[in-house]
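my_file04.json follows (JSON, C-alpha atoms):
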[["chain", "number", "residue", "atom", "x", "y", "z"],
["A", 30, "MET", "CA", -43.04, -172.55, -50.29],
["A", 31, "ARG", "CA", -42.88, -173.02, -46.54],
["A", 32, "SER", "CA", -45.84, -171.99, -44.38],
["A", 33, "ARG", "CA", -43.87, -169.14, -42.78],
["A", 34, "ASP", "CA", -42.96, -167.69, -46.18],
["A", 35, "TYR", "CA", -46.54, -168.03, -47.33],
["A", 36, "ASP", "CA", -47.77, -166.32, -44.15],
["A", 37, "LEU", "CA", -45.34, -163.43, -44.59],
["A", 38, "ASP", "CA", -46.45, -163.04, -48.23],
["A", 39, "PHE", "CA", -50.09, -163.14, -47.11],
["A", 40, "ARG", "CA", -49.46, -160.40, -44.53],
["A", 41, "ASP", "CA", -47.67, -158.28, -47.12],
["A", 42, "ARG", "CA", -50.66, -158.57, -49.47],
["A", 43, "ALA", "CA", -52.97, -157.68, -46.57],
["A", 44, "ARG", "CA", -50.90, -154.53, -45.86],
["A", 45, "ARG", "CA", -51.04, -153.53, -49.54],
["A", 46, "THR", "CA", -54.80, -154.08, -49.62],
["A", 47, "ARG", "CA", -55.20, -151.96, -46.50],
["A", 48, "ALA", "CA", -53.06, -149.23, -48.08],
["A", 49, "TRP", "CA", -55.32, -149.25, -51.16],
["A", 50, "GLY", "CA", -58.30, -148.74, -48.83],
["A", 51, "ILE", "CA", -56.58, -145.78, -47.19],
["A", 52, "GLY", "CA", -55.84, -144.37, -50.65],
["A", 53, "LEU", "CA", -59.50, -144.64, -51.63],
["A", 54, "PHE", "CA", -60.47, -142.93, -48.36],
["A", 55, "ALA", "CA", -58.04, -140.11, -49.22],
["A", 56, "LEU", "CA", -59.57, -139.78, -52.68],
["A", 57, "ALA", "CA", -63.06, -139.61, -51.15],
["A", 58, "GLY", "CA", -61.79, -136.93, -48.77],
["A", 59, "LEU", "CA", -60.49, -134.90, -51.70],
["A", 60, "LEU", "CA", -63.88, -135.19, -53.41],
["A", 61, "TRP", "CA", -65.61, -134.02, -50.22],
["A", 62, "THR", "CA", -63.18, -131.09, -49.99],
["A", 63, "TRP", "CA", -63.85, -130.16, -53.63],
["A", 64, "CYS", "CA", -67.59, -130.29, -52.97],
["A", 65, "ALA", "CA", -67.19, -128.07, -49.89],
["A", 66, "LEU", "CA", -65.13, -125.56, -51.88],
["A", 67, "LEU", "CA", -67.77, -125.42, -54.60],
["A", 68, "LEU", "CA", -70.49, -124.78, -52.02],
["A", 69, "LEU", "CA", -68.74, -122.49, -49.54],
["A", 70, "THR", "CA", -66.37, -120.23, -51.47],
["A", 71, "PRO", "CA", -67.31, -117.07, -53.36],
["A", 72, "TYR", "CA", -66.48, -116.98, -57.05],
["A", 73, "GLN", "CA", -66.45, -114.72, -60.10],
["A", 74, "ALA", "CA", -68.56, -114.94, -63.23],
["A", 75, "GLU", "CA", -67.50, -113.49, -66.56],
["A", 76, "ARG", "CA", -70.17, -111.75, -68.63],
["A", 77, "GLU", "CA", -68.27, -112.49, -71.83],
["A", 78, "PRO", "CA", -65.02, -114.28, -72.73],
["A", 79, "ASP", "CA", -61.90, -112.49, -71.41],
["A", 80, "ASP", "CA", -63.99, -110.10, -69.31],
["A", 81, "ARG", "CA", -61.72, -107.59, -67.55],
["A", 82, "HIS", "CA", -64.23, -106.92, -64.78],
["A", 83, "PRO", "CA", -65.90, -110.19, -63.82],
["A", 84, "ARG", "CA", -68.84, -110.07, -61.44],
["A", 85, "ASP", "CA", -68.22, -111.17, -57.84],
["A", 86, "CYS", "CA", -70.68, -113.83, -56.74],
["A", 87, "GLU", "CA", -71.56, -115.14, -53.30],
["A", 88, "SER", "CA", -71.06, -118.76, -52.38],
["A", 89, "ARG", "CA", -73.81, -121.15, -53.42],
["A", 90, "LEU", "CA", -74.62, -122.15, -49.86],
["A", 91, "LEU", "CA", -73.86, -119.16, -47.64],
["A", 92, "THR", "CA", -75.61, -116.09, -49.06],
["A", 93, "GLU", "CA", -76.84, -112.83, -47.62],
["A", 94, "GLY", "CA", -80.07, -113.09, -49.62],
["A", 95, "GLY", "CA", -82.73, -115.77, -49.63],
["A", 96, "THR", "CA", -81.02, -118.44, -51.73],
["A", 97, "ALA", "CA", -78.19, -118.74, -54.18],
["A", 98, "ASN", "CA", -80.72, -119.32, -56.96],
["A", 99, "ASP", "CA", -82.31, -115.85, -56.64],
["A", 100, "GLY", "CA", -80.10, -114.71, -59.50],
["A", 101, "VAL", "CA", -82.01, -116.89, -61.96],
["A", 102, "TRP", "CA", -85.10, -114.69, -61.55],
["A", 103, "ARG", "CA", -83.07, -111.47, -61.92],
["A", 104, "ARG", "CA", -81.10, -112.72, -64.96],
["A", 105, "ASP", "CA", -77.92, -112.41, -62.94],
["A", 106, "TRP", "CA", -74.54, -113.47, -64.35],
["A", 107, "CYS", "CA", -73.88, -115.67, -61.34],
["A", 108, "ASP", "CA", -76.89, -117.95, -61.83],
["A", 109, "ASN", "CA", -75.30, -120.68, -63.97],
["A", 110, "GLU", "CA", -71.60, -120.24, -63.25],
["A", 111, "ARG", "CA", -71.59, -122.80, -60.43],
["A", 112, "ASP", "CA", -74.43, -125.16, -61.03],
["A", 113, "TRP", "CA", -75.88, -127.59, -58.46],
["A", 114, "PRO", "CA", -75.56, -130.67, -60.71],
["A", 115, "GLU", "CA", -71.76, -130.32, -60.79],
["A", 116, "THR", "CA", -71.58, -130.14, -57.01],
["A", 117, "LEU", "CA", -73.97, -133.05, -56.57],
["A", 118, "ALA", "CA", -72.02, -135.09, -59.12],
["A", 119, "VAL", "CA", -68.83, -134.61, -57.10],
["A", 120, "LEU", "CA", -70.68, -135.56, -53.92],
["A", 121, "GLY", "CA", -72.30, -138.55, -55.63],
["A", 122, "LEU", "CA", -68.93, -139.76, -56.94],
["A", 123, "SER", "CA", -67.49, -139.68, -53.43],
["A", 124, "VAL", "CA", -70.06, -142.19, -52.13],
["A", 125, "PRO", "CA", -68.94, -145.28, -54.13],
["A", 126, "VAL", "CA", -65.29, -144.33, -53.61],
["A", 127, "SER", "CA", -65.90, -144.16, -49.83],
["A", 128, "VAL", "CA", -67.75, -147.49, -49.81],
["A", 129, "ALA", "CA", -65.03, -149.17, -51.88],
["A", 130, "GLY", "CA", -62.37, -147.71, -49.56],
["A", 131, "ALA", "CA", -64.20, -149.03, -46.50],
["A", 132, "VAL", "CA", -64.57, -152.51, -48.00],
["A", 133, "VAL", "CA", -60.96, -152.75, -49.20],
["A", 134, "PHE", "CA", -59.58, -151.36, -45.92],
["A", 135, "THR", "CA", -61.69, -153.81, -43.91],
["A", 136, "ILE", "CA", -60.59, -156.78, -46.03],
["A", 137, "GLY", "CA", -56.93, -155.85, -45.59],
["A", 138, "SER", "CA", -57.29, -155.30, -41.85],
["A", 139, "VAL", "CA", -59.21, -158.52, -41.23],
["A", 140, "SER", "CA", -56.78, -160.54, -43.33],
["A", 141, "GLY", "CA", -53.81, -159.23, -41.36],
["A", 142, "ARG", "CA", -55.54, -159.88, -38.05],
["A", 143, "MET", "CA", -56.49, -163.41, -39.09],
["A", 144, "SER", "CA", -52.91, -164.16, -40.07],
["A", 145, "ALA", "CA", -51.61, -162.83, -36.75],
["A", 146, "HIS", "CA", -54.19, -164.88, -34.87],
["A", 147, "SER", "CA", -53.27, -168.01, -36.80],
["A", 148, "GLU", "CA", -49.59, -167.55, -36.01],
["A", 149, "ALA", "CA", -50.35, -166.95, -32.33],
["A", 150, "MET", "CA", -52.37, -170.16, -32.22],
["A", 151, "ARG", "CA", -49.49, -172.11, -33.83],
["A", 152, "VAL", "CA", -47.04, -170.71, -31.29],
["A", 153, "LEU", "CA", -49.34, -171.54, -28.40],
["A", 154, "ASP", "CA", -49.86, -175.11, -29.63],
["A", 155, "GLU", "CA", -46.15, -175.93, -30.15],
["A", 156, "PRO", "CA", -45.10, -176.49, -26.48],
["A", 157, "THR", "CA", -48.01, -178.85, -25.83],
["A", 158, "GLY", "CA", -46.74, -181.38, -28.33],
["A", 159, "LEU", "CA", -49.60, -180.92, -30.77],
["A", 160, "PRO", "CA", -48.59, -181.25, -34.39],
["A", 161, "THR", "CA", -48.17, -178.01, -36.34],
["A", 162, "LYS", "CA", -48.69, -177.49, -40.01]]
Could you render the structure from this file as structure tokens?
Amino acid sequence: MRSRDYDLDFRDRARRTRAWGIGLFALAGLLWTWCALLLLTPYQAEREPDDRHPRDCESRLLTEGGTANDGVWRRDWCDNERDWPETLAVLGLSVPVSVAGAVVFTIGSVSGRMSAHSEAMRVLDEPTGLPTK
């Protein structure tokens, strides 16, 4: 394989790696959006299976009362419908996905930049009579 072919293959792999990083960033963004929806949107809680008149519940974060957990003390139907551990699990899952996306994106970007720099150096050295590889 000639050096130019190898360089083009290297750049193609760098672009694919960068695209994987962008994909992981998108996945982390979806997880953040899901977390925001769980925290900020009102919801309904059924008192029994196939309830025809489910109870309307306020969002877990934005409430008119003191906190979203006040229903636990009143034995409200909304208290366990949207639990904090589920929301925190979604948020916690987004952290390693974000870190992996940042690392993979950075590796792909740096690899592409290094290849472009190497080619520019080869082109600059050719007219001076220096040997090229």
May I have the residues within 12 Å of A:Ser138 as a list in words, using all atoms listed in the file and disregarding those fewer than 2 positions away in the same chain? Phe39, Arg40, Asp41, Arg42, Ala43, Arg44, Arg45, Thr46, Arg47, Ala48, Trp49, Gly50, Ile51, Gly130, Ala131, Val132, Val133, Phe134, Thr135, Ile136, Ser140, Gly141, Arg142, Met143, Ser144 and Ala145 of chain A
Distance in Å - atom CA of A:Leu56 versus atom CA of A:Asp112: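 Here the two named atoms are 22.5 Å from each other.
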Considering only C-alpha atoms, can you say which of A:Asp85, A:Glu115, A:Asp79, A:Glu148 comes closest to A:Tyr35? A:Glu148
How far is it from atom CA of A:Gly137 to atom CA of A:Trp63, in Å with one decimal?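 If I compute the distance from atom CA of A:Gly137 to atom CA of A:Trp63, I get 27.8 Å.
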By how many Å are atom CA of A:Pro125 and atom CA of A:Ala65 apart? 17.8 Å
Tell me, as a PyMOL selection string, which residues lie within 12 Å of A:Leu122, counting only C-alpha atoms; anything in the same chain fewer than 2 positions away does not count. chain A and resi 53+56-61+63-64+114-120+124-129
Taking all atoms of stretch 128-137 of chain A that appear in the file, build a box with edges along x, y and z, extend it by 8 Å on every side, and state its centre and edge lengths in Å to one decimal, as lines of an AutoDock Vina configuration file.
center_x = -62.3
center_y = -152.1
center_z = -47.9
size_x = 26.8
size_y = 25.3
size_z = 24.0
Could you check which residues have any atom within 7 Å of (-69.2, -118.5, -52.6), counting only C-alpha atoms with coordinates taken straight from the file, and then list them as a PDB file with C-alpha atoms, keeping the file's coordinate frame?
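Output saved as point13.pdb:
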ATOM      1  CA  LEU A  68     -70.490-124.780 -52.020  1.00  0.00           C
ATOM      2  CA  LEU A  69     -68.740-122.490 -49.540  1.00  0.00           C
ATOM      3  CA  THR A  70     -66.370-120.230 -51.470  1.00  0.00           C
ATOM      4  CA  PRO A  71     -67.310-117.070 -53.360  1.00  0.00           C
ATOM      5  CA  TYR A  72     -66.480-116.980 -57.050  1.00  0.00           C
ATOM      6  CA  CYS A  86     -70.680-113.830 -56.740  1.00  0.00           C
ATOM      7  CA  GLU A  87     -71.560-115.140 -53.300  1.00  0.00           C
ATOM      8  CA  SER A  88     -71.060-118.760 -52.380  1.00  0.00           C
ATOM      9  CA  ARG A  89     -73.810-121.150 -53.420  1.00  0.00           C
ATOM     10  CA  LEU A  91     -73.860-119.160 -47.640  1.00  0.00           C
TER      11      LEU A  91
END
